[in-house]
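Visitor: Input entry-v1.txt, format and content: compact mmCIF, C-alpha atoms.
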# COMPACT_ATOMS: atom_id res chain seq x y z
CA MET A 1 -118.43 -47.86 90.73
CA THR A 2 -118.71 -45.00 88.32
CA GLY A 3 -116.65 -44.67 85.09
CA ARG A 4 -114.55 -41.82 86.54
CA THR A 5 -113.74 -43.90 89.65
CA ALA A 6 -112.68 -46.90 87.48
CA ARG A 7 -110.30 -44.75 85.37
CA ARG A 8 -108.69 -43.37 88.55
CA ALA A 9 -108.11 -46.94 89.79
CA ARG A 10 -106.35 -47.99 86.52
CA TRP A 11 -103.76 -45.15 86.54
CA PRO A 12 -101.54 -46.57 89.38
CA MET A 13 -101.50 -49.98 87.64
CA LEU A 14 -100.43 -48.49 84.25
CA ALA A 15 -97.67 -46.46 85.91
CA PHE A 16 -96.34 -49.61 87.59
CA LEU A 17 -96.25 -51.58 84.33
CA MET A 18 -94.46 -48.75 82.48
CA THR A 19 -91.82 -48.52 85.21
CA ALA A 20 -91.25 -52.27 85.18
CA THR A 21 -90.88 -52.32 81.39
CA THR A 22 -88.38 -49.46 81.49
CA LEU A 23 -86.28 -51.17 84.17
CA ALA A 24 -86.28 -54.45 82.23
CA SER A 25 -85.22 -52.64 79.07
CA CYS A 26 -82.44 -50.85 80.91
CA GLY A 27 -81.32 -54.17 82.36
CA ARG A 28 -81.08 -55.71 78.87
CA ARG A 29 -79.12 -52.76 77.52
CA SER A 30 -76.79 -52.88 80.50
CA GLY A 31 -76.21 -56.59 79.93
CA GLU A 32 -75.54 -56.02 76.25
CA ALA A 33 -73.07 -53.23 77.07
CA GLU A 34 -71.23 -55.51 79.52
CA ALA A 35 -71.15 -58.29 76.94
CA ALA A 36 -69.80 -55.98 74.27
CA ALA A 37 -67.16 -54.66 76.64
CA SER A 38 -66.03 -58.21 77.46
CA GLY A 39 -66.00 -59.33 73.83
CA THR A 40 -68.96 -61.66 74.28
CA THR A 41 -72.13 -61.10 72.32
CA ASP A 42 -75.54 -61.55 73.88
CA THR A 43 -76.05 -64.68 71.72
CA THR A 44 -76.17 -67.76 73.94
CA VAL A 45 -77.27 -71.22 72.86
CA THR A 46 -78.86 -73.62 75.32
CA LEU A 47 -78.39 -77.26 74.32
CA GLU A 48 -80.63 -80.19 75.00
CA ARG A 49 -79.19 -83.48 76.20
CA ALA A 50 -79.32 -85.06 72.74
CA GLN A 51 -77.62 -82.03 71.19
CA ARG A 52 -74.74 -81.97 73.65
CA GLY A 53 -73.32 -85.15 72.13
CA GLN A 54 -72.81 -83.37 68.80
CA ILE A 55 -70.57 -80.69 70.32
CA HIS A 56 -66.90 -81.37 71.06
CA THR A 57 -64.99 -78.89 73.22
CA GLU A 58 -61.38 -78.16 74.03
CA ARG A 59 -59.75 -76.26 76.89
CA VAL A 60 -57.47 -73.40 75.78
CA GLU A 61 -54.03 -73.42 77.41
CA PRO A 62 -50.76 -71.54 76.63
CA THR A 63 -48.82 -73.57 74.05
CA SER A 64 -45.39 -73.24 72.45
CA PHE A 65 -45.58 -73.21 68.66
CA ASN A 66 -43.79 -72.14 65.48
CA ALA A 67 -45.90 -69.59 63.66
CA SER A 68 -46.46 -69.94 59.93
CA VAL A 69 -47.40 -67.21 57.47
CA THR A 70 -49.46 -68.12 54.41
CA THR A 71 -49.53 -65.79 51.42
CA THR A 72 -49.22 -65.78 47.64
CA GLY A 73 -46.23 -65.08 45.44
CA THR A 74 -45.08 -64.89 41.84
CA VAL A 75 -42.20 -66.76 40.24
CA ALA A 76 -39.22 -64.92 38.74
CA PHE A 77 -35.92 -66.04 37.28
CA ASN A 78 -33.10 -66.27 39.80
CA GLY A 79 -31.47 -62.87 39.39
CA ASP A 80 -28.10 -64.29 40.46
CA ARG A 81 -28.24 -66.89 37.68
CA SER A 82 -29.92 -65.08 34.80
CA THR A 83 -29.10 -62.16 32.55
CA GLN A 84 -30.36 -60.20 29.59
CA VAL A 85 -27.94 -60.14 26.66
CA LEU A 86 -27.46 -56.72 25.04
CA ALA A 87 -26.08 -56.07 21.56
CA PRO A 88 -22.31 -55.38 21.78
CA ILE A 89 -22.26 -53.68 18.38
CA SER A 90 -24.57 -51.62 16.21
CA GLY A 91 -25.88 -52.96 12.92
CA PRO A 92 -28.48 -55.29 11.40
CA VAL A 93 -28.87 -58.89 12.54
CA ALA A 94 -27.26 -61.18 9.96
CA ARG A 95 -28.03 -64.64 11.37
CA LEU A 96 -29.73 -66.23 14.36
CA LEU A 97 -27.83 -69.27 15.59
CA VAL A 98 -29.98 -70.58 18.48
CA SER A 99 -33.68 -70.92 19.30
CA PRO A 100 -35.57 -70.44 22.60
CA GLY A 101 -35.29 -73.47 24.85
CA ALA A 102 -31.75 -74.32 23.78
CA GLU A 103 -29.07 -75.00 26.37
CA VAL A 104 -26.08 -72.72 25.72
CA ARG A 105 -22.53 -72.62 27.03
CA LYS A 106 -20.70 -69.54 28.22
CA GLY A 107 -19.14 -67.83 25.18
CA GLU A 108 -21.28 -69.66 22.63
CA PRO A 109 -22.38 -67.46 19.70
CA LEU A 110 -26.10 -66.70 19.64
CA ALA A 111 -26.35 -64.44 16.58
CA THR A 112 -24.17 -62.50 14.18
CA VAL A 113 -24.38 -58.80 13.32
CA ALA A 114 -23.18 -57.24 10.06
CA SER A 115 -21.55 -53.95 10.97
CA PRO A 116 -19.02 -51.53 9.48
CA ASP A 117 -17.79 -50.99 13.03
CA PHE A 118 -16.47 -54.53 13.00
CA ALA A 119 -14.40 -53.93 9.84
CA ALA A 120 -13.01 -50.74 11.38
CA ALA A 121 -12.06 -52.63 14.55
CA VAL A 122 -10.24 -55.29 12.49
CA ALA A 123 -8.32 -52.60 10.58
CA SER A 124 -7.38 -50.85 13.84
CA TYR A 125 -6.07 -54.09 15.29
CA ARG A 126 -3.98 -54.90 12.20
CA LYS A 127 -2.43 -51.43 12.20
CA ALA A 128 -1.68 -51.65 15.90
CA ASP A 129 -0.20 -55.13 15.46
CA VAL A 130 2.12 -53.99 12.66
CA THR A 131 3.23 -50.96 14.67
CA TRP A 132 3.93 -53.15 17.72
CA ARG A 133 5.98 -55.68 15.71
CA ASN A 134 8.03 -52.89 14.17
CA ALA A 135 8.62 -51.22 17.54
CA GLU A 136 9.66 -54.59 18.99
CA ARG A 137 12.19 -55.11 16.17
CA ILE A 138 13.64 -51.61 16.58
CA ALA A 139 13.94 -52.02 20.35
CA SER A 140 15.76 -55.31 19.92
CA GLN A 141 18.26 -53.77 17.46
CA ASP A 142 18.82 -50.76 19.72
CA GLU A 143 19.61 -53.03 22.65
CA GLN A 144 22.34 -54.73 20.59
CA LEU A 145 23.73 -51.39 19.49
CA PHE A 146 23.74 -50.11 23.06
CA ALA A 147 25.52 -53.26 24.22
CA ASN A 148 28.28 -52.53 21.67
CA ASP A 149 28.51 -48.86 22.74
CA ALA A 150 27.07 -47.80 19.39
CA LEU A 151 23.92 -46.13 20.75
CA ALA A 152 23.22 -43.58 23.43
CA ARG A 153 21.14 -44.46 26.48
CA ARG A 154 18.45 -41.90 25.65
CA ASP A 155 17.90 -43.49 22.24
CA LEU A 156 17.47 -46.91 23.83
CA ASP A 157 15.00 -45.49 26.36
CA GLN A 158 13.03 -43.88 23.53
CA ALA A 159 12.86 -47.23 21.70
CA HIS A 160 11.51 -48.93 24.84
CA ALA A 161 8.90 -46.16 25.27
CA ASP A 162 7.78 -46.54 21.66
CA LEU A 163 7.47 -50.31 22.16
CA ALA A 164 5.37 -49.85 25.32
CA GLY A 165 3.03 -47.43 23.55
CA ALA A 166 2.64 -49.74 20.56
CA ALA A 167 1.92 -52.70 22.87
CA ALA A 168 -0.77 -50.68 24.68
CA ASP A 169 -2.44 -49.72 21.41
CA ARG A 170 -2.35 -53.33 20.22
CA GLU A 171 -3.87 -54.57 23.48
CA ALA A 172 -6.68 -51.99 23.30
CA ALA A 173 -7.48 -53.03 19.71
CA LEU A 174 -7.45 -56.68 20.77
CA LEU A 175 -9.88 -56.04 23.63
CA GLN A 176 -12.16 -54.18 21.25
CA LEU A 177 -12.31 -57.19 18.95
CA ARG A 178 -13.05 -59.52 21.84
CA ALA A 179 -15.84 -57.21 22.99
CA LEU A 180 -17.33 -57.51 19.50
CA GLY A 181 -17.43 -61.28 19.81
CA VAL A 182 -14.44 -62.34 17.72
CA ASP A 183 -13.49 -65.91 18.64
CA GLY A 184 -10.04 -67.36 19.24
CA ALA A 185 -9.66 -68.86 15.73
CA ALA A 186 -10.38 -65.50 14.09
CA MET A 187 -7.93 -63.79 16.43
CA ASP A 188 -5.21 -66.29 15.47
CA SER A 189 -5.98 -65.67 11.80
CA LEU A 190 -5.60 -61.92 12.26
CA GLY A 191 -2.41 -62.31 14.27
CA SER A 192 -0.78 -64.48 11.62
CA GLY A 193 -1.60 -62.05 8.84
CA ARG A 194 -4.14 -64.28 7.11
CA PRO A 195 -7.27 -62.73 5.51
CA ALA A 196 -9.74 -61.20 7.95
CA PRO A 197 -12.97 -63.06 8.74
CA ALA A 198 -16.27 -61.87 7.34
CA ALA A 199 -17.31 -58.47 8.62
CA GLU A 200 -19.73 -59.96 11.15
CA ALA A 201 -19.58 -59.69 14.92
CA ALA A 202 -21.05 -62.38 17.18
CA ILE A 203 -23.42 -61.90 20.10
CA ARG A 204 -22.17 -64.44 22.64
CA ALA A 205 -23.68 -65.98 25.77
CA PRO A 206 -22.19 -64.33 28.89
CA ILE A 207 -23.30 -67.25 31.11
CA ALA A 208 -24.31 -70.87 30.69
CA GLY A 209 -28.00 -71.74 30.92
CA THR A 210 -31.22 -71.96 28.96
CA LEU A 211 -32.09 -69.45 26.27
CA VAL A 212 -35.56 -68.51 27.53
CA GLU A 213 -36.22 -65.46 25.34
CA ARG A 214 -35.23 -64.29 21.88
CA LEU A 215 -36.02 -60.62 21.45
CA ILE A 216 -34.60 -59.91 17.97
CA THR A 217 -35.33 -60.96 14.39
CA PRO A 218 -33.13 -61.22 11.27
CA GLY A 219 -32.49 -57.84 9.71
CA GLN A 220 -33.42 -55.91 12.85
CA LEU A 221 -31.16 -52.91 13.44
CA LEU A 222 -29.38 -53.12 16.80
CA GLN A 223 -27.97 -50.31 18.90
CA ALA A 224 -24.78 -51.18 20.76
CA GLY A 225 -25.24 -51.43 24.53
CA THR A 226 -28.96 -50.65 24.31
CA THR A 227 -30.93 -53.26 22.35
CA PRO A 228 -31.84 -56.37 24.40
CA CYS A 229 -31.35 -59.47 22.27
CA PHE A 230 -31.78 -62.58 24.44
CA THR A 231 -32.50 -63.70 28.00
CA ILE A 232 -30.50 -66.58 29.47
CA ALA A 233 -31.38 -68.19 32.80
CA ASP A 234 -30.25 -71.13 34.88
CA LEU A 235 -33.60 -72.77 35.60
CA SER A 236 -32.32 -75.12 38.29
CA SER A 237 -33.53 -72.57 40.85
CA VAL A 238 -35.97 -69.66 40.78
CA TRP A 239 -37.10 -66.78 42.98
CA VAL A 240 -40.57 -66.63 44.50
CA LEU A 241 -41.50 -63.04 45.35
CA ALA A 242 -44.14 -62.86 48.08
CA ASN A 243 -45.87 -59.96 49.87
CA VAL A 244 -46.29 -60.18 53.65
CA PHE A 245 -48.45 -57.69 55.54
CA GLU A 246 -47.67 -55.87 58.77
CA GLY A 247 -49.45 -58.30 61.08
CA ASP A 248 -47.34 -61.24 59.86
CA ILE A 249 -43.97 -59.73 58.94
CA GLY A 250 -42.68 -60.13 62.51
CA ALA A 251 -42.80 -63.91 62.05
CA VAL A 252 -40.64 -63.86 58.89
CA SER A 253 -36.85 -63.65 58.86
CA ARG A 254 -34.01 -64.66 56.59
CA GLY A 255 -33.13 -68.35 56.59
CA GLU A 256 -36.62 -69.66 57.37
CA SER A 257 -38.00 -72.50 55.29
CA ALA A 258 -40.94 -72.00 52.94
CA ILE A 259 -43.32 -74.49 51.33
CA ILE A 260 -44.37 -73.66 47.75
CA THR A 261 -47.51 -75.21 46.26
CA THR A 262 -48.99 -74.72 42.81
CA ASP A 263 -51.88 -76.13 40.83
CA ALA A 264 -49.37 -77.12 38.13
CA SER A 265 -48.09 -80.02 40.25
CA PRO A 266 -49.44 -82.14 43.14
CA ASP A 267 -45.99 -82.06 44.77
CA THR A 268 -44.72 -79.32 47.05
CA LEU A 269 -41.40 -77.55 46.72
CA THR A 270 -39.26 -76.38 49.63
CA GLY A 271 -37.33 -73.13 49.52
CA ARG A 272 -35.62 -70.75 51.91
CA VAL A 273 -36.20 -67.08 52.66
CA ASP A 274 -33.27 -65.22 51.13
CA TYR A 275 -34.29 -61.58 51.61
CA VAL A 276 -36.80 -59.52 53.60
CA ALA A 277 -37.17 -55.96 52.31
CA ALA A 278 -36.37 -53.03 54.57
CA LEU A 279 -39.27 -50.96 53.26
CA VAL A 280 -43.03 -51.28 52.79
CA ASP A 281 -44.80 -50.84 49.47
CA PRO A 282 -46.74 -47.58 49.88
CA ALA A 283 -49.53 -48.83 47.61
CA THR A 284 -50.19 -52.26 49.17
CA LYS A 285 -48.65 -51.67 52.64
CA ALA A 286 -46.94 -55.05 52.28
CA THR A 287 -43.28 -56.04 52.64
CA ALA A 288 -41.55 -57.93 49.84
CA VAL A 289 -40.06 -61.31 50.79
CA ARG A 290 -37.83 -63.31 48.41
CA VAL A 291 -37.64 -67.09 48.56
CA VAL A 292 -35.02 -69.13 46.67
CA VAL A 293 -36.57 -72.40 45.48
CA PRO A 294 -34.82 -75.36 43.80
CA ASN A 295 -36.92 -75.82 40.66
CA ARG A 296 -37.32 -79.58 40.61
CA ASP A 297 -38.43 -80.84 37.17
CA ARG A 298 -38.74 -77.15 36.19
CA VAL A 299 -42.29 -77.04 37.50
CA LEU A 300 -42.17 -73.33 38.31
CA LYS A 301 -42.42 -70.90 35.40
CA ARG A 302 -41.79 -67.16 35.38
CA ASP A 303 -44.82 -65.06 36.46
CA MET A 304 -46.64 -68.15 37.77
CA LEU A 305 -48.85 -67.49 40.82
CA VAL A 306 -48.08 -69.83 43.73
CA ARG A 307 -49.01 -70.29 47.39
CA VAL A 308 -46.29 -69.70 49.97
CA SER A 309 -46.23 -70.94 53.56
CA ILE A 310 -43.31 -69.62 55.63
CA ARG A 311 -42.56 -71.35 58.94
CA ALA A 312 -40.85 -69.32 61.66
CA LEU A 313 -37.60 -70.67 63.13
CA LYS A 314 -38.11 -69.30 66.66
CA PRO A 315 -40.95 -70.78 68.75
CA ARG A 316 -43.37 -68.56 70.67
CA THR A 317 -46.02 -69.11 73.32
CA GLY A 318 -49.69 -68.28 72.90
CA LEU A 319 -53.26 -69.51 73.01
CA LEU A 320 -54.16 -71.80 70.11
CA VAL A 321 -57.55 -72.98 68.92
CA PRO A 322 -58.37 -75.45 66.13
CA VAL A 323 -59.19 -73.98 62.74
CA ALA A 324 -62.60 -75.71 62.91
CA ALA A 325 -63.48 -73.70 66.02
CA VAL A 326 -63.15 -70.32 64.28
CA LEU A 327 -66.20 -68.94 62.47
CA ARG A 328 -66.85 -65.56 60.88
CA ASP A 329 -69.80 -63.22 61.14
CA ASP A 330 -71.49 -61.08 58.49
CA GLU A 331 -68.63 -58.55 58.73
CA ASN A 332 -66.04 -61.32 58.23
CA LEU A 333 -64.85 -60.93 61.82
CA PRO A 334 -63.74 -64.12 63.62
CA PHE A 335 -65.52 -65.54 66.65
CA VAL A 336 -65.77 -68.78 68.64
CA PHE A 337 -68.33 -70.37 70.92
CA VAL A 338 -67.23 -70.58 74.56
CA ALA A 339 -68.85 -73.02 76.96
CA SER A 340 -70.49 -71.14 79.83
CA GLY A 341 -71.97 -74.13 81.58
CA ALA A 342 -72.86 -77.77 81.09
CA ASP A 343 -75.45 -76.98 78.42
CA ARG A 344 -74.78 -73.38 77.38
CA CYS A 345 -72.39 -71.83 74.81
CA ALA A 346 -71.87 -68.11 74.23
CA ARG A 347 -70.50 -66.52 71.07
CA ARG A 348 -67.33 -64.50 71.62
CA ARG A 349 -65.42 -62.34 69.17
CA ILE A 350 -61.65 -62.89 68.98
CA GLU A 351 -58.57 -61.47 67.27
CA LEU A 352 -56.47 -63.95 65.31
CA GLY A 353 -52.68 -64.04 64.98
CA GLN A 354 -50.49 -66.39 62.96
CA ARG A 355 -51.47 -69.86 61.88
CA SER A 356 -49.56 -72.95 62.98
CA GLY A 357 -50.59 -76.06 61.08
CA ASP A 358 -54.30 -76.68 61.72
CA ARG A 359 -54.53 -74.10 64.54
CA TYR A 360 -54.83 -70.34 64.88
CA GLU A 361 -53.16 -68.14 67.48
CA VAL A 362 -55.69 -66.04 69.42
CA ARG A 363 -54.29 -62.66 70.39
CA SER A 364 -57.32 -61.40 72.31
CA GLY A 365 -60.83 -62.51 73.26
CA LEU A 366 -59.89 -65.70 75.11
CA ALA A 367 -58.15 -66.46 78.37
CA ALA A 368 -56.28 -69.52 79.56
CA GLY A 369 -58.78 -72.11 80.81
CA ASP A 370 -61.64 -71.12 78.49
CA VAL A 371 -63.42 -74.05 76.85
CA VAL A 372 -64.27 -73.57 73.18
CA ALA A 373 -66.46 -75.60 70.87
CA THR A 374 -64.49 -77.32 68.10
CA ASP A 375 -66.45 -79.93 66.14
CA GLY A 376 -70.07 -78.82 66.02
CA ALA A 377 -69.37 -75.08 66.05
CA LEU A 378 -71.27 -74.76 62.78
CA PHE A 379 -74.27 -76.42 64.45
CA LEU A 380 -74.19 -73.77 67.16
CA GLU A 381 -74.01 -71.01 64.55
CA GLY A 382 -77.03 -72.48 62.82
CA ALA A 383 -78.92 -72.57 66.12
CA THR A 384 -78.29 -68.84 66.72
CA THR A 385 -79.77 -67.89 63.33
CA GLN A 386 -83.04 -69.72 63.82
Show the structure stored in the file as C-alpha cells.
Guide:
Amino acid sequence: MTGRTARRARWPMLAFLMTATTLASCGRRSGEAEAAASGTTDTTVTLERAQRGQIHTERVEPTSFNASVTTTGTVAFNGDRSTQVLAPISGPVARLLVSPGAEVRKGEPLATVASPDFAAAVASYRKADVTWRNAERIASQDEQLFANDALARRDLDQAHADLAGAAADREAALLQLRALGVDGAAMDSLGSGRPAPAAEAAIRAPIAGTLVERLITPGQLLQAGTTPCFTIADLSSVWVLANVFEGDIGAVSRGESAIITTDASPDTLTGRVDYVAALVDPATKATAVRVVVPNRDRVLKRDMLVRVSIRALKPRTGLLVPVAAVLRDDENLPFVFVASGADRCARRRIELGQRSGDRYEVRSGLAAGDVVATDGALFLEGATTQ
C-alpha cells in the first residue's frame, strides 16, 4: 500500500474518534447542567466496604419544631428604671455628697450648688409668705365685720380675692424652692421665720438605685436644665439590644424567651423579648429587638457584648438535619451529602433556615425521604478533594 492510500484509510477513523469525543463531552456537560438544575453537584463519592462503616446516615422527614434565632447584642441600662440627673439650678458645684457605686434613695441629696438664684428664690418665698399671712388676717377680720353688718359684701369679696392671689403666689414660690432641692427641714425653718439656710441648692436623686456615673466635678459651672450631673440605674434588670436580620425576624415576637450567654460568667441568663422594632436599620438592614433580662449577681454591664438565642413560641413544620451534616464550600455556601445508593453519596447544595437546638431547618435542596450523611460527612468532603 502506498503512502497516499494509507492516509486516505486513516481519515474515516479520525473522523469517528472526533465525533465520539464530542458526543461524550456533550453528554458530560448535559449531566452537569442537569445536576446544577437539581441542586446536586457532579461530585459523587463511591465508598468501599470498609469505609461504609465510618458513615452514619439519617432519613429526612417533616418534623415539628420551635425555631431559634442566634445573634449578638449589647447590654444597656433598663430605660424604665434608669435616668440621667440634670442640674436644677445654675451655678458652680459646691460639694459632692456621693460617689459612683453608692446606693441612693429617692430624694437623697447628691451634690450642692452655690447659686444666687437660690437666694432670690428664698427671698421670693418669704415675701409671698408674709403677703399671704397678712391677706389671711385681713380676710378673717373682714368676715367678722361683715357678720356684724359693719362691712359691705363687695369689700369682703375683695378680701377673699386678695387672699386667693396671695396663696397662689406663696404656693408658686414654695414649688420653686422644692424644685431647687430645698428639703423639708429648711422649708419648716423658712415658714417659721427662722434664718434662711445657706445659699446652696441640692441636686437630689429622682429615683432609687445605684449611682453609676458622676459627670461633674467641684467648682464646675452648671446650667439649669442642661448640664447632666449623674446617672442612676436600678441594676436588678438590664436591656439587651440585639439585631435580627430579615431571614430570621419572622421567628421573633414579643413575649418569647431568650437565653443570654457571656464570657464573663459560665452561667446563662434568661430574659424575655419586650419589643420588636417596626422599622429596619437602613445601614445594617437589621431589625432591633429588645430583651429584658434579670441581672442576677449583676453579671451584665453596660455596653457588654453578649450572645442571644431567642426561641420561638409557635411551632412550625419543616425538614431538619443535624448540624454535623451541614458543610460549607469555598464560597461559604452550605451543602450536604445525600446517599444515592448503598455505596454512593452525592454532594447537594441546600438553603438553610432557622436553627433548633442541634439541627438546622432546610428550606430547599432536600425532599422528604432523602438520606443524608451525618457523622462522617467530613470524611466524604476529604474524599472529594483528593
Visitor: Of the residues A:Leu174, A:Leu96, A:Ala202, A:Ala179, which is the one nearest to A:Pro218, using only C-alpha atoms?
Guide: A:Leu96
Visitor: Show which residues sit within 8 Å of A:Ala205, as a list in words. Count only C-alpha atoms, and ignore same-chain residues fewer than 4 positions away.
Guide: Val85, Val104, Arg105, Lys106, Gly107, Glu108, Pro109, Leu110 and Ile232 of chain A
Visitor: Neighbouring residues of A:Lys314 were defined as those with any atom within 8 Å, considering all atoms listed in the file; residues of the same chain fewer than 2 positions away were excluded. Please report them as a VMD selection string.
Guide: chain A and resid 66 312 316
Visitor: Any chance you could export the current selection's C-alpha atoms as an mmCIF file, in the frame of the given file?
Guide:
data_model
loop_
_atom_site.group_PDB
_atom_site.id
_atom_site.type_symbol
_atom_site.label_atom_id
_atom_site.label_comp_id
_atom_site.auth_asym_id
_atom_site.auth_seq_id
_atom_site.Cartn_x
_atom_site.Cartn_y
_atom_site.Cartn_z
ATOM 1 C CA ASN A 66 -43.790 -72.140 65.480
ATOM 2 C CA ALA A 312 -40.850 -69.320 61.660
ATOM 3 C CA ARG A 316 -43.370 -68.560 70.670
#
Visitor: What does the structure give for the distance between atom CA of A:Cys345 and atom CA of A:Pro322, in Å to one decimal?
Guide: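 According to the coordinates, atom CA of A:Cys345 and atom CA of A:Pro322 are separated by 16.9 Å.
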Visitor: Would you list the residues near (-47.5, -69.2, 41.1) (no more than 6 Å away, in the coordinates of the file, using all atoms listed in the file) as number ranges by chain?
Guide: A: 74-75, 262, 304-306
Visitor: Excluding A:Arg170 and its own-chain neighbours fewer than 4 positions away, which residues fall within 8 Å of it when counting all atoms listed in the file? Please give them as a list in words.
Guide: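 The contact residues come out as Tyr125, Ala128, Asp129, Trp132, Ala166 and Leu174 of chain A.
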Visitor: Between atom CA of A:Leu156 and atom CA of A:Glu143, what is the distance in Å, rounded to a tenth?
Guide: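 Atom CA of A:Leu156 sits 6.6 Å away from atom CA of A:Glu143.
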Visitor: Just checking: using all atoms listed in the file, which residue out of A:Asp149, A:Asp358, A:Asp80, A:Glu246 ends up closest to A:Lys285?
Guide: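 Closest to A:Lys285, using all atoms listed in the file: A:Glu246.
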Visitor: Name the closest residue to A:Glu103 among the candidates A:Val299, A:Glu213, A:Arg328, A:Gly165; distances are taken between atoms, counting only C-alpha atoms.
Guide: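 Ranking A:Val299, A:Glu213, A:Arg328, A:Gly165 by distance to A:Glu103, first place goes to A:Glu213.
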Visitor: Which one of A:Leu313, A:Ile55, A:Ala278, A:Val238 sits closest to A:Arg296 if you count all atoms listed in the file?
Guide: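 Of the candidates, the smallest distance to A:Arg296 is held by A:Val238.
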Visitor: Quick one: pull the distance between atom CA of A:Arg344 and atom CA of A:Val45, Å, one decimal.
Guide: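 Rounded to one decimal, the two atoms are 5.6 Å apart.
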Visitor: Check the smallest atom-to-atom distance from each of A:Thr83, A:Thr63, A:Ser364, A:Thr284 to A:Pro334 using only C-alpha atoms, then report the winner.
Guide: A:Ser364
